[in-house]
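Undergrad: Below is the file model14.cif, which contains mmCIF, C-alpha atoms.
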data_target
loop_
_atom_site.group_PDB
_atom_site.id
_atom_site.type_symbol
_atom_site.label_atom_id
_atom_site.label_comp_id
_atom_site.auth_asym_id
_atom_site.auth_seq_id
_atom_site.Cartn_x
_atom_site.Cartn_y
_atom_site.Cartn_z
ATOM 1 C CA MET H 1074 88.077 123.619 101.461
ATOM 2 C CA LEU H 1075 84.582 122.156 100.932
ATOM 3 C CA SER H 1076 81.774 123.128 103.263
ATOM 4 C CA ASN H 1077 78.264 121.711 103.612
ATOM 5 C CA LEU H 1078 78.666 118.907 101.092
ATOM 6 C CA ASN H 1079 75.202 118.122 99.714
ATOM 7 C CA TYR H 1080 74.743 114.416 100.325
ATOM 8 C CA LYS H 1081 71.590 114.308 98.216
ATOM 9 C CA HIS H 1082 73.618 115.446 95.217
ATOM 10 C CA LEU H 1083 76.319 112.930 96.151
ATOM 11 C CA HIS H 1084 73.674 110.205 96.211
ATOM 12 C CA TYR H 1085 72.601 111.084 92.665
ATOM 13 C CA PHE H 1086 76.242 110.893 91.554
ATOM 14 C CA TRP H 1087 76.567 107.508 93.291
ATOM 15 C CA ALA H 1088 73.431 106.213 91.570
ATOM 16 C CA VAL H 1089 74.678 107.280 88.119
ATOM 17 C CA ALA H 1090 78.134 105.809 88.681
ATOM 18 C CA ARG H 1091 76.641 102.476 89.726
ATOM 19 C CA ALA H 1092 73.954 102.380 87.020
ATOM 20 C CA GLY H 1093 76.347 103.390 84.255
ATOM 21 C CA SER H 1094 74.207 106.172 82.803
ATOM 22 C CA VAL H 1095 72.051 109.119 83.816
ATOM 23 C CA THR H 1096 68.998 107.582 82.148
ATOM 24 C CA ALA H 1097 69.283 104.260 83.987
ATOM 25 C CA ALA H 1098 69.903 105.985 87.324
ATOM 26 C CA ALA H 1099 66.955 108.351 86.801
ATOM 27 C CA GLN H 1100 64.651 105.386 86.200
ATOM 28 C CA GLN H 1101 65.854 103.728 89.412
ATOM 29 C CA LEU H 1102 65.381 106.961 91.365
ATOM 30 C CA GLY H 1103 61.976 107.699 89.844
ATOM 31 C CA MET H 1104 63.154 111.078 88.577
ATOM 32 C CA SER H 1105 63.738 112.705 85.234
ATOM 33 C CA ALA H 1106 67.167 112.396 83.629
ATOM 34 C CA GLN H 1107 67.320 116.196 83.361
ATOM 35 C CA THR H 1108 66.840 116.602 87.120
ATOM 36 C CA VAL H 1109 69.508 114.026 87.971
ATOM 37 C CA SER H 1110 71.964 115.561 85.506
ATOM 38 C CA GLY H 1111 71.331 119.021 86.947
ATOM 39 C CA GLN H 1112 71.951 117.857 90.523
ATOM 40 C CA ILE H 1113 75.256 116.271 89.539
ATOM 41 C CA SER H 1114 76.286 119.479 87.764
ATOM 42 C CA ARG H 1115 75.626 121.370 91.005
ATOM 43 C CA LEU H 1116 77.822 118.901 92.896
ATOM 44 C CA GLU H 1117 80.623 119.352 90.367
ATOM 45 C CA GLN H 1118 80.339 123.126 90.692
ATOM 46 C CA GLN H 1119 80.511 122.854 94.466
ATOM 47 C CA ILE H 1120 83.650 120.713 94.508
ATOM 48 C CA GLY H 1121 85.225 122.461 91.532
ATOM 49 C CA ARG H 1122 85.986 119.242 89.636
ATOM 50 C CA ALA H 1123 84.327 117.209 86.903
ATOM 51 C CA LEU H 1124 83.231 113.762 88.070
ATOM 52 C CA PHE H 1125 82.283 112.392 84.638
ATOM 53 C CA LYS H 1126 83.584 112.905 81.145
ATOM 54 C CA GLN H 1127 82.024 112.061 77.808
ATOM 55 C CA GLN H 1128 83.453 109.041 76.011
ATOM 56 C CA GLY H 1129 81.671 108.204 72.794
ATOM 57 C CA ARG H 1130 77.981 108.126 73.588
ATOM 58 C CA GLY H 1131 78.497 107.283 77.230
ATOM 59 C CA LEU H 1132 79.972 108.654 80.427
ATOM 60 C CA VAL H 1133 83.089 107.514 82.256
ATOM 61 C CA LEU H 1134 84.428 108.580 85.620
ATOM 62 C CA THR H 1135 87.274 111.060 85.874
ATOM 63 C CA GLU H 1136 90.035 110.436 88.419
ATOM 64 C CA ALA H 1137 88.156 112.715 90.836
ATOM 65 C CA GLY H 1138 84.997 110.727 90.071
ATOM 66 C CA ARG H 1139 86.696 107.424 90.864
ATOM 67 C CA MET H 1140 87.926 108.786 94.164
ATOM 68 C CA ALA H 1141 84.506 110.239 95.000
ATOM 69 C CA LEU H 1142 82.867 106.901 94.183
ATOM 70 C CA THR H 1143 85.144 105.077 96.629
ATOM 71 C CA TYR H 1144 83.999 107.327 99.468
ATOM 72 C CA ALA H 1145 80.372 107.399 98.308
ATOM 73 C CA ASP H 1146 80.310 103.589 98.355
ATOM 74 C CA ARG H 1147 81.399 103.599 101.981
ATOM 75 C CA ILE H 1148 79.024 106.413 102.968
ATOM 76 C CA PHE H 1149 75.875 104.948 101.449
ATOM 77 C CA GLN H 1150 76.638 101.339 102.282
ATOM 78 C CA LEU H 1151 77.017 102.421 105.898
ATOM 79 C CA GLY H 1152 73.733 104.276 105.563
ATOM 80 C CA GLU H 1153 72.013 101.118 104.325
ATOM 81 C CA GLU H 1154 73.507 99.149 107.204
ATOM 82 C CA LEU H 1155 72.268 101.776 109.651
ATOM 83 C CA GLN H 1156 68.736 101.595 108.243
ATOM 84 C CA GLU H 1157 68.765 97.811 108.538
ATOM 85 C CA LEU H 1158 70.136 98.030 112.057
ATOM 86 C CA LEU H 1159 67.527 100.506 113.284
ATOM 87 C CA ALA H 1160 64.718 98.443 111.723
ATOM 88 C CA ASP H 1161 65.646 95.434 113.872
ATOM 89 C CA GLU H 1162 62.927 94.972 116.497
ATOM 90 C CA GLN H 1163 65.413 93.140 118.730
ATOM 91 C CA LEU H 1164 67.980 95.945 118.534
ATOM 92 C CA ASP H 1165 68.162 96.594 122.288
ATOM 93 C CA ASN H 1166 68.485 92.866 123.046
ATOM 94 C CA THR H 1167 71.164 92.065 120.465
ATOM 95 C CA LEU H 1168 74.904 91.971 120.995
ATOM 96 C CA ARG H 1169 76.895 92.817 117.869
ATOM 97 C CA LEU H 1170 80.408 91.597 117.239
ATOM 98 C CA SER H 1171 82.528 92.767 114.315
ATOM 99 C CA SER H 1172 85.434 90.395 113.872
ATOM 100 C CA GLY H 1173 88.304 90.620 111.411
ATOM 101 C CA VAL H 1174 89.784 87.280 110.344
ATOM 102 C CA SER H 1175 93.262 87.242 108.825
ATOM 103 C CA ASP H 1176 93.178 85.691 105.358
ATOM 104 C CA VAL H 1177 95.792 83.090 106.340
ATOM 105 C CA LEU H 1178 93.640 81.710 109.163
ATOM 106 C CA PRO H 1179 91.942 78.377 108.356
ATOM 107 C CA LYS H 1180 88.165 78.788 108.325
ATOM 108 C CA SER H 1181 87.529 75.855 110.671
ATOM 109 C CA ILE H 1182 89.921 77.326 113.237
ATOM 110 C CA ALA H 1183 88.353 80.791 112.959
ATOM 111 C CA TYR H 1184 84.997 79.176 113.776
ATOM 112 C CA ARG H 1185 86.434 77.425 116.826
ATOM 113 C CA LEU H 1186 87.981 80.631 118.128
ATOM 114 C CA LEU H 1187 84.722 82.557 117.713
ATOM 115 C CA LYS H 1188 82.537 79.764 119.093
ATOM 116 C CA PRO H 1189 82.514 81.029 122.729
ATOM 117 C CA ALA H 1190 80.827 84.226 121.551
ATOM 118 C CA LEU H 1191 78.192 82.205 119.699
ATOM 119 C CA ALA H 1192 77.504 80.256 122.904
ATOM 120 C CA LEU H 1193 76.536 83.359 124.895
ATOM 121 C CA PRO H 1194 72.941 83.356 126.153
ATOM 122 C CA GLN H 1195 72.388 86.815 124.701
ATOM 123 C CA ARG H 1196 71.256 87.132 121.079
ATOM 124 C CA LEU H 1197 74.380 87.732 118.958
ATOM 125 C CA ARG H 1198 74.789 89.179 115.496
ATOM 126 C CA LEU H 1199 78.247 88.359 114.162
ATOM 127 C CA HIS H 1200 79.841 90.257 111.307
ATOM 128 C CA CYS H 1201 83.065 88.708 109.937
ATOM 129 C CA THR H 1202 85.508 90.463 107.628
ATOM 130 C CA GLU H 1203 88.371 88.546 106.037
ATOM 131 C CA GLY H 1204 91.419 90.472 104.897
ATOM 132 C CA ALA H 1205 95.134 91.116 105.049
ATOM 133 C CA PHE H 1206 96.650 91.446 108.513
ATOM 134 C CA ASP H 1207 97.734 95.100 108.200
ATOM 135 C CA GLN H 1208 94.412 96.131 106.687
ATOM 136 C CA LEU H 1209 92.472 94.539 109.548
ATOM 137 C CA LEU H 1210 94.664 96.231 112.154
ATOM 138 C CA ASN H 1211 93.908 99.590 110.535
ATOM 139 C CA GLU H 1212 90.194 98.858 110.801
ATOM 140 C CA LEU H 1213 90.648 97.824 114.423
ATOM 141 C CA ALA H 1214 92.501 101.064 115.152
ATOM 142 C CA SER H 1215 89.637 103.065 113.634
ATOM 143 C CA HIS H 1216 87.132 101.099 115.773
ATOM 144 C CA SER H 1217 85.469 99.531 112.722
ATOM 145 C CA LEU H 1218 86.263 96.113 114.240
ATOM 146 C CA ASP H 1219 85.974 94.802 117.789
ATOM 147 C CA LEU H 1220 88.803 92.290 117.415
ATOM 148 C CA VAL H 1221 91.099 90.663 114.871
ATOM 149 C CA LEU H 1222 91.930 86.950 114.769
ATOM 150 C CA ALA H 1223 95.403 86.294 113.364
ATOM 151 C CA ASP H 1224 98.400 83.963 113.368
ATOM 152 C CA ARG H 1225 100.634 86.625 114.913
ATOM 153 C CA PRO H 1226 100.381 89.300 117.620
ATOM 154 C CA ALA H 1227 100.119 92.990 116.897
ATOM 155 C CA PRO H 1228 103.505 94.518 115.988
ATOM 156 C CA ALA H 1229 105.451 96.183 118.777
ATOM 157 C CA ALA H 1230 104.712 99.628 117.337
ATOM 158 C CA GLY H 1231 100.992 99.096 117.902
ATOM 159 C CA GLN H 1232 101.138 97.584 121.385
ATOM 160 C CA GLN H 1233 100.164 100.808 123.155
ATOM 161 C CA ALA H 1234 96.833 100.978 121.326
ATOM 162 C CA MET H 1235 96.294 97.229 120.853
ATOM 163 C CA GLN H 1236 96.530 94.163 123.027
ATOM 164 C CA SER H 1237 97.290 90.644 121.780
ATOM 165 C CA HIS H 1238 95.820 87.593 123.513
ATOM 166 C CA LEU H 1239 97.163 84.122 122.735
ATOM 167 C CA LEU H 1240 94.077 81.971 122.183
ATOM 168 C CA ALA H 1241 95.511 78.633 121.091
ATOM 169 C CA ARG H 1242 98.545 76.628 120.093
ATOM 170 C CA CYS H 1243 97.653 74.283 117.291
ATOM 171 C CA PRO H 1244 99.722 71.300 116.058
ATOM 172 C CA VAL H 1245 100.646 71.077 112.377
ATOM 173 C CA MET H 1246 100.370 67.824 110.459
ATOM 174 C CA ILE H 1247 101.109 66.610 106.936
ATOM 175 C CA TYR H 1248 98.208 65.368 104.818
ATOM 176 C CA ALA H 1249 97.710 63.958 101.333
ATOM 177 C CA THR H 1250 95.237 61.978 99.283
ATOM 178 C CA PRO H 1251 94.928 58.369 100.536
ATOM 179 C CA GLU H 1252 97.018 57.194 97.561
ATOM 180 C CA LEU H 1253 99.878 59.628 98.240
ATOM 181 C CA ALA H 1254 99.627 59.078 101.991
ATOM 182 C CA ALA H 1255 100.084 55.329 101.499
ATOM 183 C CA ARG H 1256 103.089 55.921 99.230
ATOM 184 C CA TYR H 1257 104.931 58.225 101.653
ATOM 185 C CA GLN H 1258 103.635 56.935 105.007
ATOM 186 C CA ALA H 1259 106.541 54.620 105.779
ATOM 187 C CA ASP H 1260 109.593 56.226 107.406
ATOM 188 C CA PHE H 1261 107.801 59.576 107.937
ATOM 189 C CA PRO H 1262 109.091 62.284 108.095
ATOM 190 C CA HIS H 1263 112.196 61.186 106.134
ATOM 191 C CA SER H 1264 109.900 59.895 103.407
ATOM 192 C CA LEU H 1265 109.249 63.567 102.541
ATOM 193 C CA HIS H 1266 112.697 63.768 100.913
ATOM 194 C CA ARG H 1267 112.064 64.534 97.223
ATOM 195 C CA ALA H 1268 108.314 64.123 97.780
ATOM 196 C CA PRO H 1269 105.973 66.638 96.080
ATOM 197 C CA LEU H 1270 105.102 69.252 98.686
ATOM 198 C CA LEU H 1271 102.650 72.166 98.695
ATOM 199 C CA LEU H 1272 103.569 75.020 101.039
ATOM 200 C CA PRO H 1273 102.079 78.296 102.253
ATOM 201 C CA SER H 1274 103.612 81.434 100.732
ATOM 202 C CA ARG H 1275 106.662 83.031 102.348
ATOM 203 C CA ASP H 1276 104.663 85.769 104.087
ATOM 204 C CA ASN H 1277 102.939 83.097 106.167
ATOM 205 C CA VAL H 1278 104.400 82.627 109.656
ATOM 206 C CA LEU H 1279 104.155 78.844 109.284
ATOM 207 C CA ARG H 1280 106.413 78.766 106.203
ATOM 208 C CA ALA H 1281 109.617 79.660 108.081
ATOM 209 C CA GLN H 1282 108.891 77.082 110.804
ATOM 210 C CA LEU H 1283 108.364 74.346 108.235
ATOM 211 C CA GLU H 1284 111.547 75.184 106.355
ATOM 212 C CA HIS H 1285 113.538 75.148 109.627
ATOM 213 C CA TRP H 1286 112.057 71.737 110.523
ATOM 214 C CA LEU H 1287 112.950 70.297 107.113
ATOM 215 C CA ASP H 1288 116.491 71.747 107.258
ATOM 216 C CA GLU H 1289 117.127 70.254 110.696
ATOM 217 C CA LEU H 1290 116.142 66.814 109.395
ATOM 218 C CA GLY H 1291 118.127 67.224 106.179
ATOM 219 C CA ILE H 1292 114.974 66.726 104.100
ATOM 220 C CA ARG H 1293 114.758 68.320 100.649
ATOM 221 C CA PRO H 1294 111.231 67.920 99.264
ATOM 222 C CA GLU H 1295 110.214 69.002 95.783
ATOM 223 C CA ILE H 1296 108.132 72.134 96.304
ATOM 224 C CA VAL H 1297 105.491 71.948 93.583
ATOM 225 C CA GLY H 1298 103.267 74.817 94.712
ATOM 226 C CA GLU H 1299 103.092 77.845 97.023
ATOM 227 C CA PHE H 1300 99.784 79.341 98.147
ATOM 228 C CA LYS H 1301 98.763 82.447 100.011
ATOM 229 C CA ASP H 1302 95.280 81.079 100.628
ATOM 230 C CA GLY H 1303 95.164 78.032 102.888
ATOM 231 C CA ALA H 1304 91.837 76.806 101.521
ATOM 232 C CA LEU H 1305 93.250 76.859 97.993
ATOM 233 C CA LEU H 1306 96.338 74.952 99.169
ATOM 234 C CA GLN H 1307 94.120 72.258 100.690
ATOM 235 C CA THR H 1308 92.003 72.062 97.527
ATOM 236 C CA PHE H 1309 95.131 71.322 95.467
ATOM 237 C CA GLY H 1310 96.125 68.744 98.070
ATOM 238 C CA GLU H 1311 92.723 67.063 97.829
ATOM 239 C CA GLN H 1312 93.217 66.786 94.068
ATOM 240 C CA GLY H 1313 96.506 64.930 94.534
ATOM 241 C CA ALA H 1314 98.881 67.750 93.547
ATOM 242 C CA GLY H 1315 101.139 67.015 96.519
ATOM 243 C CA LEU H 1316 101.500 66.534 100.243
ATOM 244 C CA PHE H 1317 100.695 69.576 102.357
ATOM 245 C CA PRO H 1318 100.899 70.862 105.935
ATOM 246 C CA ALA H 1319 97.847 72.112 107.791
ATOM 247 C CA PRO H 1320 97.157 73.125 111.381
ATOM 248 C CA ALA H 1321 94.263 71.370 113.077
ATOM 249 C CA PHE H 1322 93.149 70.792 116.642
ATOM 250 C CA SER H 1323 92.106 67.321 115.514
ATOM 251 C CA ALA H 1324 93.239 65.388 112.436
ATOM 252 C CA ASP H 1325 89.564 64.558 111.827
ATOM 253 C CA ASP H 1326 88.998 68.237 110.988
ATOM 254 C CA ILE H 1327 91.014 67.611 107.808
ATOM 255 C CA THR H 1328 90.521 63.887 107.125
ATOM 256 C CA GLY H 1329 86.879 63.646 108.170
ATOM 257 C CA ASN H 1330 85.541 63.998 104.633
ATOM 258 C CA GLY H 1331 87.474 60.923 103.478
ATOM 259 C CA LYS H 1332 89.368 62.802 100.768
ATOM 260 C CA LEU H 1333 92.626 62.982 102.714
ATOM 261 C CA GLY H 1334 94.864 60.819 104.851
ATOM 262 C CA LEU H 1335 97.283 61.739 107.637
ATOM 263 C CA LEU H 1336 101.020 61.098 107.284
ATOM 264 C CA GLY H 1337 102.122 62.449 110.628
ATOM 265 C CA GLN H 1338 102.708 65.436 112.879
ATOM 266 C CA VAL H 1339 105.368 68.072 112.275
ATOM 267 C CA SER H 1340 107.286 67.739 115.518
ATOM 268 C CA GLY H 1341 107.962 70.986 117.364
ATOM 269 C CA VAL H 1342 105.991 73.140 114.939
ATOM 270 C CA GLU H 1343 102.804 74.845 116.104
ATOM 271 C CA GLU H 1344 100.568 77.584 114.812
ATOM 272 C CA HIS H 1345 99.772 80.263 117.371
ATOM 273 C CA TYR H 1346 96.457 82.091 117.128
ATOM 274 C CA TYR H 1347 95.773 85.469 118.659
ATOM 275 C CA ALA H 1348 92.849 87.754 119.337
ATOM 276 C CA ILE H 1349 94.003 91.340 118.915
ATOM 277 C CA THR H 1350 91.812 93.943 120.545
ATOM 278 C CA ASN H 1351 91.656 97.673 120.870
ATOM 279 C CA ARG H 1352 92.339 98.382 124.523
ATOM 280 C CA ARG H 1353 89.224 100.542 124.700
ATOM 281 C CA LYS H 1354 86.981 97.633 123.668
ATOM 282 C CA LEU H 1355 87.943 95.013 126.208
ATOM 283 C CA GLN H 1356 84.624 95.521 127.981
ATOM 284 C CA HIS H 1357 82.747 93.966 125.019
ATOM 285 C CA MET H 1358 80.974 90.864 126.361
ATOM 286 C CA ALA H 1359 81.587 88.731 123.269
ATOM 287 C CA VAL H 1360 85.263 89.730 123.096
ATOM 288 C CA GLN H 1361 85.658 88.791 126.750
ATOM 289 C CA ALA H 1362 84.076 85.388 126.101
ATOM 290 C CA ILE H 1363 86.575 84.706 123.306
ATOM 291 C CA ILE H 1364 89.546 85.776 125.442
ATOM 292 C CA GLN H 1365 88.366 83.823 128.485
ATOM 293 C CA GLN H 1366 88.612 80.533 126.565
ATOM 294 C CA THR H 1367 92.397 81.001 126.641
ATOM 295 C CA LEU H 1368 92.450 81.672 130.360
ATOM 296 C CA ALA H 1369 90.359 78.565 130.952
ATOM 297 C CA ALA H 1370 92.703 76.469 128.799
ATOM 298 C CA GLU H 1371 95.818 77.697 130.597
ATOM 299 C CA ARG H 1372 94.587 76.952 134.113
#
Could you write out this structure as structure tokens?
TA:
Amino acid sequence: MLSNLNYKHLHYFWAVARAGSVTAAAQQLGMSAQTVSGQISRLEQQIGRALFKQQGRGLVLTEAGRMALTYADRIFQLGEELQELLADEQLDNTLRLSSGVSDVLPKSIAYRLLKPALALPQRLRLHCTEGAFDQLLNELASHSLDLVLADRPAPAAGQQAMQSHLLARCPVMIYATPELAARYQADFPHSLHRAPLLLPSRDNVLRAQLEHWLDELGIRPEIVGEFKDGALLQTFGEQGAGLFPAPAFSADDITGNGKLGLLGQVSGVEEHYYAITNRRKLQHMAVQAIIQQTLAAER
């Protein structure tokens, strides 16, 4: 078991790993290459593992070195963030909100859901992290995030530690380039039969709802593309690759740039958006403002 890990030595290792050589790192640190090399050797002796190995004329990381670099990145990036934070003259008057945004959530909708926090009279510093749903929940559980915005609630297994708040129900509509929209507009939604259609990937909650809607109507479109990223799906739609579904509080959110036209609404299909919080962080003023928008909408 390691004791009293020398973080100065770890910092020298981190600098070498990032710079790619002892010489380059020594120049950045304003030290001699011999000193830097010696400090890393001491770290390797302390942990009992080699962090670098010679390959040709250069150095490469060992497996232990790659693992150490992963943790060193987190340690020293957090240190840099802390320095920046403490240097802020408005520190005591600033509210900080760390929000995780599920990677399937449309960017425009994420903005709308976070907007009540931005409207607070107190100075706010917002930090947004986009990622996979499970990854963001892990960060929420470790208190790295104040809340997670997602298209689904927290799983039942996590309900004791987390609380899910339904923020909005958003209609889903079908869009296409003006040319395609004009071609398939008549007799919508039956005009979608054999029409080229772009869909979200199967791990997206919306995908199952769309397939059920199409099955009920007996519509068999030609699926020409599947996308995990909603922004990428819309980009392909804007280029005329096919018709595509998208949630929006207003059709103008999608058609406002003039690149797309609206075919119609997907009847009975809605996207649900949730704020998932750690029960211990409900007192956060910005989190409360985001949750309260739901309460106001439901009254």
Undergrad: At a cut-off of 8 Å, can you tabulate as CSV every residue of range 1125-1244 of chain H near range 1086-1109 of chain H together with its closest atom pair and the distance in Å to one decimal, using all atoms listed in the file and ordering rows by chain then number?
TA:
residue,atom,partner,partner_atom,distance
H:Gly1131,CA,H:Ser1094,CA,7.1
H:Leu1132,CA,H:Ser1094,CA,6.7
H:Leu1134,CA,H:Ala1090,CA,7.5
H:Leu1142,CA,H:Trp1087,CA,6.4
H:Ala1145,CA,H:Trp1087,CA,6.3
H:Asp1146,CA,H:Trp1087,CA,7.4
Undergrad: Those same residues, written as a PDB file, keeping the file's coordinate frame with C-alpha atoms?
TA:
ATOM      1  CA  GLY H1131      78.497 107.283  77.230  1.00  0.00           C
ATOM      2  CA  LEU H1132      79.972 108.654  80.427  1.00  0.00           C
ATOM      3  CA  LEU H1134      84.428 108.580  85.620  1.00  0.00           C
ATOM      4  CA  LEU H1142      82.867 106.901  94.183  1.00  0.00           C
ATOM      5  CA  ALA H1145      80.372 107.399  98.308  1.00  0.00           C
ATOM      6  CA  ASP H1146      80.310 103.589  98.355  1.00  0.00           C
TER       7      ASP H1146
END
Undergrad: Write out as a ChimeraX atom specification which residues come within 8 Å of Leu1178 in chain H when counting only C-alpha atoms, dropping same-chain ones fewer than 2 positions away.
TA: /H:1174-1176,1180,1182-1183,1222-1224,1303
Undergrad: Would you work out the distance separating CA of Pro1179 in chain H from CA of Ala1304 in chain H, expressed in Å to one decimal?
TA: 7.0 Å
Undergrad: Go through the shown structure with the PyMOL selection byres ((chain H and resi 1292) around 10) and write out the matching residues as a ChimeraX atom specification.
TA: /H:1262-1268,1284,1286-1291,1293-1295
Undergrad: Using CA of Leu1197 in chain H and CA of Glu1344 in chain H as the two end points, give the distance in Å to one decimal.
TA: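 According to the coordinates, CA of Leu1197 in chain H and CA of Glu1344 in chain H are separated by 28.4 Å.
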Undergrad: Write out as a list of chain:residue names the residues lying within 12 Å of Arg1185 in chain H, counting only C-alpha atoms and excluding same-chain residues fewer than 5 positions away.
TA: H:Leu1178, H:Pro1179, H:Lys1180, H:Ala1190, H:Leu1191, H:Ala1192, H:Leu1222, H:Leu1240, H:Ala1241, H:Cys1243, H:Ala1321, H:Phe1322, H:Ser1323, H:Asp1326, H:Tyr1346, H:Ile1363, H:Gln1366
Undergrad: Any chance you could export the current selection's C-alpha atoms as a short mmCIF file (atom, residue, chain, number, x, y, z; two decimals), in the frame of the given file?
TA:
data_model
loop_
_atom_site.label_atom_id
_atom_site.label_comp_id
_atom_site.auth_asym_id
_atom_site.auth_seq_id
_atom_site.Cartn_x
_atom_site.Cartn_y
_atom_site.Cartn_z
CA LEU H 1178 93.64 81.71 109.16
CA PRO H 1179 91.94 78.38 108.36
CA LYS H 1180 88.16 78.79 108.32
CA ALA H 1190 80.83 84.23 121.55
CA LEU H 1191 78.19 82.20 119.70
CA ALA H 1192 77.50 80.26 122.90
CA LEU H 1222 91.93 86.95 114.77
CA LEU H 1240 94.08 81.97 122.18
CA ALA H 1241 95.51 78.63 121.09
CA CYS H 1243 97.65 74.28 117.29
CA ALA H 1321 94.26 71.37 113.08
CA PHE H 1322 93.15 70.79 116.64
CA SER H 1323 92.11 67.32 115.51
CA ASP H 1326 89.00 68.24 110.99
CA TYR H 1346 96.46 82.09 117.13
CA ILE H 1363 86.58 84.71 123.31
CA GLN H 1366 88.61 80.53 126.56
#
Undergrad: What's around Ile1327 in chain H at 12 Å? Count all atoms listed in the file, leave out sequence neighbours fewer than 5 positions away in its own chain, and write the answer as a list in words.
TA: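 Once the nearby chain positions are removed, what remains is Pro1179, Lys1180, Ser1181, Ile1182, Val1245, Met1246, Ile1247, Tyr1248, Ala1249, Thr1250, Ala1304, Gln1307, Thr1308, Gly1310, Glu1311, Phe1317, Pro1318, Ala1319, Pro1320, Ala1321, Phe1322, Lys1332, Leu1333, Gly1334, Leu1335 and Leu1336 of chain H.
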Undergrad: Please indicate the distance in Å from CA of Ala1314 in chain H to CA of Gly1331 in chain H, rounded to one decimal place.
TA: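 Separation between CA of Ala1314 in chain H and CA of Gly1331 in chain H: 16.6 Å.
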Undergrad: Of the candidates H:Gly1173, H:Gly1204, H:Gly1121, H:Pro1244, which one gets nearest to Val1339 in chain H if we count all atoms listed in the file?
TA: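 Residue with the minimum atom-to-atom distance to Val1339 in chain H: H:Pro1244.
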Undergrad: My list of candidates is H:Leu1083, H:Arg1196, H:Ile1113, H:Gly1298. Which is closest to Ala1141 in chain H when distances are computed with only C-alpha atoms?
TA: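 Smallest distance to Ala1141 in chain H is found for H:Leu1083.
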Undergrad: May I ask which of the residues H:His1238, H:Gln1361, H:Leu1271, H:Leu1187 is the closest one to Gln1312 in chain H, counting only C-alpha atoms?
TA: H:Leu1271
Undergrad: Have a look at H:Pro1273, H:Leu1239, H:Thr1350, H:Met1358 and name the one nearest to Ser1217 in chain H; count all atoms listed in the file.
TA: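 For Ser1217 in chain H, the nearest of the given residues is H:Thr1350.
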Undergrad: Would you mind completing range 1097-1107 of chain H so that it carries N, CA, C and O atoms, and writing it out as a tab-separated table (two decimals), keeping the file's coordinate frame?
TA:
chain	number	residue	atom	x	y	z
H	1097	ALA	N	69.55	105.44	83.16
H	1097	ALA	CA	69.28	104.26	83.99
H	1097	ALA	C	69.13	104.65	85.45
H	1097	ALA	O	68.24	104.15	86.15
H	1098	ALA	N	69.99	105.56	85.93
H	1098	ALA	CA	69.90	105.98	87.32
H	1098	ALA	C	68.60	106.73	87.58
H	1098	ALA	O	67.96	106.57	88.63
H	1099	ALA	N	68.19	107.59	86.64
H	1099	ALA	CA	66.96	108.35	86.80
H	1099	ALA	C	65.76	107.42	86.92
H	1099	ALA	O	64.84	107.65	87.72
H	1100	GLN	N	65.74	106.35	86.12
H	1100	GLN	CA	64.65	105.39	86.20
H	1100	GLN	C	64.62	104.71	87.57
H	1100	GLN	O	63.54	104.52	88.15
H	1101	GLN	N	65.79	104.36	88.09
H	1101	GLN	CA	65.85	103.73	89.41
H	1101	GLN	C	65.40	104.67	90.51
H	1101	GLN	O	64.78	104.26	91.49
H	1102	LEU	N	65.72	105.95	90.35
H	1102	LEU	CA	65.38	106.96	91.36
H	1102	LEU	C	63.96	107.50	91.21
H	1102	LEU	O	63.47	108.21	92.09
H	1103	GLY	N	63.32	107.18	90.09
H	1103	GLY	CA	61.98	107.70	89.84
H	1103	GLY	C	61.98	109.19	89.56
H	1103	GLY	O	61.04	109.91	89.95
H	1104	MET	N	63.01	109.66	88.89
H	1104	MET	CA	63.15	111.08	88.58
H	1104	MET	C	63.43	111.23	87.09
H	1104	MET	O	63.69	110.26	86.38
H	1105	SER	N	63.40	112.46	86.63
H	1105	SER	CA	63.74	112.70	85.23
H	1105	SER	C	65.25	112.75	85.08
H	1105	SER	O	65.97	113.15	86.00
H	1106	ALA	N	65.73	112.37	83.89
H	1106	ALA	CA	67.17	112.40	83.63
H	1106	ALA	C	67.70	113.81	83.72
H	1106	ALA	O	68.83	114.04	84.19
H	1107	GLN	N	66.90	114.80	83.32
H	1107	GLN	CA	67.32	116.20	83.36
H	1107	GLN	C	67.57	116.65	84.79
H	1107	GLN	O	68.55	117.35	85.08
